[in-house]
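Participant: To be precise about what I am sending: the file is called input-v5.txt and holds compact mmCIF, C-alpha atoms and all ligand atoms.
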```txt
# COMPACT_ATOMS: atom_id res chain seq x y z
CA MET A 1 125.45 92.83 77.65
CA MET A 2 126.14 91.58 81.20
CA LYS A 3 129.41 90.00 82.33
CA ILE A 4 128.62 87.23 84.77
CA LEU A 5 130.68 84.26 85.91
CA ASN A 6 133.34 85.19 83.35
CA ALA A 7 130.81 84.97 80.56
CA THR A 8 129.22 87.80 78.68
CA ILE A 9 125.47 87.33 78.43
CA ASP A 10 123.19 89.17 76.05
CA LEU A 11 120.07 89.17 78.21
CA LYS A 12 117.67 90.33 75.50
CA SER A 13 118.84 87.63 73.14
CA LEU A 14 118.72 85.05 75.91
CA ALA A 15 115.17 86.07 76.85
CA ARG A 16 114.09 85.66 73.25
CA GLN A 17 115.61 82.16 73.20
CA LEU A 18 114.20 81.02 76.54
CA GLU A 19 110.64 82.33 76.39
CA PRO A 20 109.36 79.94 73.68
CA GLN A 21 110.82 77.01 75.63
CA GLY A 22 108.55 77.62 78.63
CA PRO A 23 109.10 78.35 82.33
CA GLU A 24 110.99 75.15 83.09
CA ALA A 25 113.68 76.04 80.59
CA ALA A 26 114.23 79.44 82.20
CA LEU A 27 114.42 77.86 85.65
CA ARG A 28 116.79 75.11 84.52
CA TRP A 29 119.04 77.73 82.91
CA ALA A 30 119.04 79.89 86.05
CA ILE A 31 119.72 76.99 88.40
CA ALA A 32 122.53 75.65 86.19
CA VAL A 33 124.24 79.02 85.74
CA PHE A 34 123.86 80.56 89.19
CA GLY A 35 123.55 77.61 91.57
CA GLU A 36 123.83 78.78 95.18
CA GLN A 37 123.95 82.39 93.99
CA LEU A 38 120.30 82.09 92.92
CA ALA A 39 117.30 82.87 95.15
CA VAL A 40 113.67 82.13 94.34
CA ALA A 41 111.15 84.63 95.72
CA THR A 42 107.53 83.95 96.54
CA GLY A 43 104.71 86.00 97.98
CA PHE A 44 102.52 82.84 98.14
CA GLY A 45 100.26 84.17 95.41
CA PRO A 46 99.17 81.93 92.52
CA SER A 47 102.19 82.64 90.31
CA GLY A 48 104.59 82.13 93.19
CA ILE A 49 103.00 78.76 93.90
CA VAL A 50 103.57 77.67 90.30
CA ILE A 51 107.21 78.79 90.49
CA LEU A 52 107.78 76.87 93.73
CA HIS A 53 106.18 73.77 92.22
CA LEU A 54 108.39 73.91 89.11
CA VAL A 55 111.51 74.55 91.18
CA SER A 56 110.72 71.62 93.45
CA GLN A 57 110.63 69.33 90.41
CA ILE A 58 113.99 70.53 89.14
CA ASP A 59 115.97 70.94 92.36
CA PRO A 60 114.23 71.15 95.77
CA GLY A 61 117.53 72.30 97.27
CA VAL A 62 117.34 75.69 95.55
CA LYS A 63 117.19 78.62 97.96
CA ALA A 64 113.59 79.90 98.24
CA PHE A 65 112.48 82.85 100.36
CA TYR A 66 109.63 85.21 101.20
CA LEU A 67 109.46 88.61 102.84
CA GLU A 68 108.17 88.16 106.37
CA THR A 69 106.64 91.53 107.18
CA ASP A 70 105.19 90.19 110.46
CA LEU A 71 101.88 91.44 109.10
CA LEU A 72 100.84 88.53 106.91
CA PHE A 73 97.51 86.75 107.26
CA GLY A 74 97.38 83.51 109.24
CA GLU A 75 96.09 81.87 106.06
CA THR A 76 99.31 82.87 104.28
CA HIS A 77 101.48 81.30 106.97
CA ALA A 78 99.36 78.13 106.83
CA LEU A 79 99.84 78.05 103.06
CA ARG A 80 103.61 78.44 103.52
CA ASP A 81 103.63 75.40 105.79
CA ARG A 82 101.52 73.33 103.40
CA LEU A 83 103.74 74.20 100.45
CA GLN A 84 106.92 73.33 102.31
CA GLU A 85 105.49 69.97 103.26
CA ARG A 86 103.96 69.21 99.89
CA LEU A 87 106.90 70.35 97.75
CA GLY A 88 109.78 69.40 100.02
CA LEU A 89 111.19 72.92 99.97
CA THR A 90 112.52 75.13 102.73
CA ILE A 91 111.22 78.67 102.28
CA GLU A 92 113.36 81.11 104.23
CA ALA A 93 111.73 84.07 105.98
CA VAL A 94 113.48 87.38 105.27
CA HIS A 95 112.76 89.92 108.00
CA SER A 96 112.92 93.67 108.30
CA SER A 97 115.81 94.93 110.41
CA LEU A 98 113.12 96.53 112.60
CA ASP A 99 110.54 94.47 114.42
CA LEU A 100 107.08 96.01 114.73
CA GLU A 101 107.77 97.46 118.17
CA GLU A 102 110.97 99.12 116.96
CA GLN A 103 109.20 100.47 113.91
CA ALA A 104 106.44 101.91 116.08
CA ALA A 105 108.98 103.48 118.44
CA ARG A 106 110.86 105.17 115.59
CA HIS A 107 108.03 106.02 113.23
CA GLY A 108 104.86 105.84 115.30
CA GLU A 109 102.10 103.27 115.63
CA SER A 110 100.44 101.82 112.52
CA LEU A 111 102.86 103.41 110.06
CA TRP A 112 100.94 101.76 107.21
CA LYS A 113 97.98 104.06 107.92
CA ARG A 114 100.06 107.22 107.50
CA ASP A 115 102.98 106.40 105.23
CA PRO A 116 102.60 103.03 103.53
CA ASN A 117 105.50 103.78 101.19
CA LEU A 118 107.87 104.06 104.13
CA CYS A 119 106.33 101.00 105.77
CA CYS A 120 106.80 98.96 102.55
CA TYR A 121 110.34 100.24 102.25
CA LEU A 122 111.21 99.20 105.80
CA ARG A 123 109.45 95.83 105.73
CA LYS A 124 109.92 94.76 102.10
CA VAL A 125 112.22 96.81 99.88
CA GLU A 126 115.21 97.20 102.20
CA PRO A 127 115.10 93.60 103.48
CA LEU A 128 114.97 92.33 99.89
CA ARG A 129 117.95 94.42 98.83
CA ARG A 130 119.91 93.24 101.86
CA PHE A 131 119.04 89.59 101.19
CA LEU A 132 119.93 89.81 97.50
CA ASP A 133 123.19 91.64 98.11
CA ASP A 134 125.34 88.50 97.82
CA LYS A 135 123.25 86.84 95.09
CA GLN A 136 123.78 86.95 91.34
CA ALA A 137 120.20 86.30 90.28
CA TRP A 138 116.71 85.98 91.67
CA VAL A 139 113.51 84.40 90.38
CA THR A 140 110.09 86.02 90.62
CA GLY A 141 106.57 85.12 89.54
CA ILE A 142 105.72 88.40 87.86
CA ARG A 143 103.87 88.34 84.53
CA ARG A 144 103.28 90.81 81.73
CA ASP A 145 99.50 90.54 82.06
CA GLN A 146 99.45 91.63 85.72
CA SER A 147 99.61 95.39 85.23
CA PRO A 148 100.72 98.07 82.77
CA SER A 149 103.91 98.55 84.80
CA ARG A 150 104.78 94.89 84.18
CA ALA A 151 103.85 94.81 80.50
CA ALA A 152 107.49 94.88 79.37
CA THR A 153 108.66 92.10 81.71
CA GLN A 154 111.18 89.76 80.07
CA VAL A 155 111.93 86.16 81.02
CA VAL A 156 115.46 87.28 81.86
CA GLU A 157 116.38 90.89 82.53
CA TRP A 158 118.70 93.14 84.49
CA ASP A 159 117.28 94.35 87.81
CA ALA A 160 118.92 97.74 88.20
CA GLY A 161 117.14 98.45 91.48
CA ASN A 162 118.69 95.47 93.21
CA GLY A 163 121.80 95.10 91.04
CA LEU A 164 121.47 91.52 89.79
CA ILE A 165 119.81 89.35 87.14
CA LYS A 166 116.07 88.85 87.47
CA VAL A 167 114.46 85.72 86.05
CA ASN A 168 110.70 85.82 85.43
CA PRO A 169 109.81 82.37 84.08
CA LEU A 170 106.07 83.15 83.90
CA ALA A 171 106.48 86.49 82.11
CA ALA A 172 104.40 85.33 79.14
CA TRP A 173 101.83 83.32 81.08
CA THR A 174 98.27 84.44 81.68
CA SER A 175 96.25 84.24 84.86
CA GLU A 176 94.25 81.39 83.30
CA GLN A 177 97.43 79.36 82.70
CA VAL A 178 98.51 79.89 86.29
CA TRP A 179 95.23 78.65 87.72
CA GLU A 180 95.12 75.75 85.25
CA HIS A 181 98.54 74.65 86.48
CA ILE A 182 97.51 74.96 90.13
CA HIS A 183 94.37 72.90 89.62
CA ALA A 184 96.01 70.37 87.29
CA HIS A 185 98.60 69.58 89.96
CA ASP A 186 96.21 69.96 92.88
CA LEU A 187 98.47 72.55 94.49
CA PRO A 188 97.36 74.35 97.65
CA PHE A 189 96.50 78.05 97.40
CA ASN A 190 95.36 80.78 99.75
CA PRO A 191 91.70 80.23 100.74
CA LEU A 192 91.28 84.00 100.91
CA HIS A 193 91.17 84.05 97.10
CA ARG A 194 87.77 82.38 97.34
CA LEU A 195 86.55 84.82 99.99
CA GLY A 196 86.76 88.00 97.94
CA PHE A 197 90.48 88.70 98.33
CA PRO A 198 91.89 88.58 94.80
CA SER A 199 95.26 90.01 95.92
CA VAL A 200 96.57 89.04 99.33
CA GLY A 201 99.30 91.05 101.03
CA CYS A 202 99.73 92.31 104.59
CA TRP A 203 96.50 92.26 106.57
CA PRO A 204 96.44 96.02 107.36
CA CYS A 205 96.61 96.86 103.64
CA THR A 206 94.30 94.21 102.20
CA ARG A 207 90.52 94.10 102.21
CA SER A 208 88.02 92.07 100.26
CA VAL A 209 86.80 93.45 96.94
CA LEU A 210 83.15 94.27 96.43
CA PRO A 211 81.21 93.31 93.27
CA GLY A 212 81.96 95.83 90.54
CA GLU A 213 85.14 97.11 92.17
CA ASP A 214 88.52 97.03 90.53
CA LEU A 215 90.27 93.82 91.47
CA ARG A 216 93.12 95.77 93.05
CA ALA A 217 90.79 98.05 94.99
CA GLY A 218 91.42 95.97 98.08
CA ARG A 219 95.09 96.93 98.32
CA TRP A 220 96.18 100.09 100.17
CA ASP A 221 92.58 101.30 100.21
CA GLY A 222 92.44 105.09 100.54
CA PHE A 223 95.93 105.64 99.09
CA ALA A 224 97.03 106.24 95.50
CA LYS A 225 99.67 103.56 96.11
CA THR A 226 99.38 100.47 93.93
CA GLU A 227 102.92 99.10 94.06
CA CYS A 228 105.33 98.36 96.90
CA GLY A 229 108.64 98.73 95.07
CA LEU A 230 110.14 95.30 94.58
CA HIS A 231 109.68 95.11 90.85
CA ILE A 232 110.43 98.62 89.71
CA ASN A 233 114.01 99.21 88.66
CA GLY A 234 115.60 101.98 90.66
CA ASP A 235 112.41 102.49 92.62
CA ASN A 236 112.44 104.17 95.98
CA GLY A 237 109.77 102.10 97.59
CA ASN A 238 106.50 102.74 95.83
CA GLY A 239 105.67 99.36 94.40
CA HIS A 240 104.11 96.01 95.31
CA THR A 241 105.02 92.36 95.68
CA GLU A 242 101.80 90.49 95.64
CA PRO A 243 100.75 88.88 92.42
CA ALA A 244 97.86 90.62 90.74
CA TYR A 245 94.63 88.77 90.13
CA HIS A 246 92.73 88.92 86.88
CA ALA A 247 89.06 88.60 86.18
CA ALA A 248 89.70 85.88 83.65
CA GLY A 249 91.77 83.79 86.07
CA LYS A 250 89.70 81.89 88.61
CA PRO A 251 90.89 80.47 91.91
S1 LIG B 1 101.75 96.21 102.60
FE1 LIG B 1 101.10 97.62 104.26
S2 LIG B 1 101.67 96.67 106.21
FE2 LIG B 1 102.75 95.59 104.55
S3 LIG B 1 104.73 96.55 104.45
FE3 LIG B 1 103.45 97.63 102.94
S4 LIG B 1 102.47 99.35 104.05
FE4 LIG B 1 103.39 97.95 105.60
```
What does the file become when written as structure tokens?
Ligand code: SF4

Facilitator:
Amino acid sequence: MMKILNATIDLKSLARQLEPQGPEAALRWAIAVFGEQLAVATGFGPSGIVILHLVSQIDPGVKAFYLETDLLFGETHALRDRLQERLGLTIEAVHSSLDLEEQAARHGESLWKRDPNLCCYLRKVEPLRRFLDDKQAWVTGIRRDQSPSRAATQVVEWDAGNGLIKVNPLAAWTSEQVWEHIHAHDLPFNPLHRLGFPSVGCWPCTRSVLPGEDLRAGRWDGFAKTECGLHINGDNGNGHTEPAYHAAGKP
């Protein structure tokens, strides 16, 4: 049971109530309850695009943000601009406290080649925690079908790692549903998905996937790392932000 805004909320019970009502219901609840204390995250992957689209239809004034690692593909920045224009949203860039030159001076050049966990911590995990520090809830696009580590995702849950409520409106959706929504509403998406990049993150840690390879083989190639840390409660930096891609879901 969580005590928020002078109300005690049973998150498990609430999740059970909201999930059958669909993603819009979860978003409407979050926007109504948390208002300016709510932040909507996106990594500009397919699920994040759906979330932004739904939010724009409910209240385009809701605070939306992404983690600007300074290492994103040009295609991702172009998509950000198209989405802002199309949906009428402002998507705030959340930066690391270190720019790339400062990071190189403190930790050496190309940290991602030697210690991607530290690089993800500096450029994603710590900036997210700092940004969420004065928020009461955040919205993500994660889904149960994305990976075993996300299989227990609830529509509403407590995020112990960041210390606030986490709302996952698409928790029960499949990759097929996400792409159906994108195509049905003619929403823009990253052209790299059609060029062999099923999961798009920072350019140093993303490569195209070859036929027969695991769909996540293109992320952190050469490292055991599969996650960048944003969606693991209490995690120390070994997790990932980018939405996973599934064979059944087509761009
Ligand atoms: S994905 Fe790669 S480049 Fe981006 S923050 Fe993580 S380690 Fe650094």

Participant: Which protein, DNA or RNA residues have an atom within 8 Å of ligand LIG 1 (chain B), counting all atoms listed in the file, as a list in words?

Facilitator: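 The neighbouring residues of ligand LIG 1 (chain B) are, in order, Thr69, Leu71, Leu72, Leu111, Trp112, Lys113, Asp115, Pro116, Asn117, Leu118, Cys119, Cys120, Tyr121, Leu122, Arg123, Lys124, Gly201, Cys202, Trp203, Pro204, Cys205, Thr206, Arg219, Trp220, Cys228 and His240 of chain A.
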
Participant: Taking only C-alpha atoms into account, produce a table as CSV in which each residue of stretch 41-158 of chain A with an atom at most 12 Å from an atom of stretch 15-21 of chain A appears once, together with its shortest atom pair and the distance in Å to one decimal, ordered by chain and rising number.

Facilitator:
```
residue,atom,partner,partner_atom,distance
A:Ala152,CA,A:Ala15,CA,12.0
A:Thr153,CA,A:Ala15,CA,10.1
A:Gln154,CA,A:Ala15,CA,6.3
A:Val155,CA,A:Ala15,CA,5.3
A:Val156,CA,A:Ala15,CA,5.2
A:Glu157,CA,A:Ala15,CA,7.5
A:Trp158,CA,A:Ala15,CA,11.0
```

Participant: Quote the spacing between atom CA of A:Pro23 and atom CA of A:Val139 in Å to one decimal place.

Facilitator: 11.0 Å

Participant: Select, counting only C-alpha atoms, all protein, DNA and RNA residues no farther than 9 Å from (103.2, 84.3, 105.7) in file coordinates, and express the selection as number ranges by chain.

Facilitator: A: 43-44, 66-81, 93, 202

Participant: Just to confirm, what's the straight-line distance from atom CA of A:Leu192 to atom CA of A:Gly22 in Å (one decimal)?

Facilitator: 28.9 Å

Participant: If I take atom CA of A:His53 and atom CA of A:Arg28, how far is one from the other in Å, to one decimal?

Facilitator: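 Between atom CA of A:His53 and atom CA of A:Arg28 the gap is 13.2 Å.
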
Participant: For a quick check of understanding, using only C-alpha atoms, which of A:Leu83, A:Ala64, A:Leu14, A:Ile31 has the smallest distance to A:Asp186?

Facilitator: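 Answer, going by the shortest atom-to-atom distance: A:Leu83.
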
Participant: Select, from A:Val50, A:Leu89, A:Ile142, A:Val62, the residue with the minimum atom-to-atom distance to A:Val178, counting only C-alpha atoms.

Facilitator: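 Once distances to A:Val178 are computed over only C-alpha atoms, the minimum belongs to A:Val50.
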
Participant: Could you check the closest approach to A:Asp134 for each of A:Ala30, A:Leu38, A:Pro188, A:Glu180 and tell me which residue wins, using only C-alpha atoms?

Facilitator: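 Counting only C-alpha atoms, the residue closest to A:Asp134 is A:Leu38.
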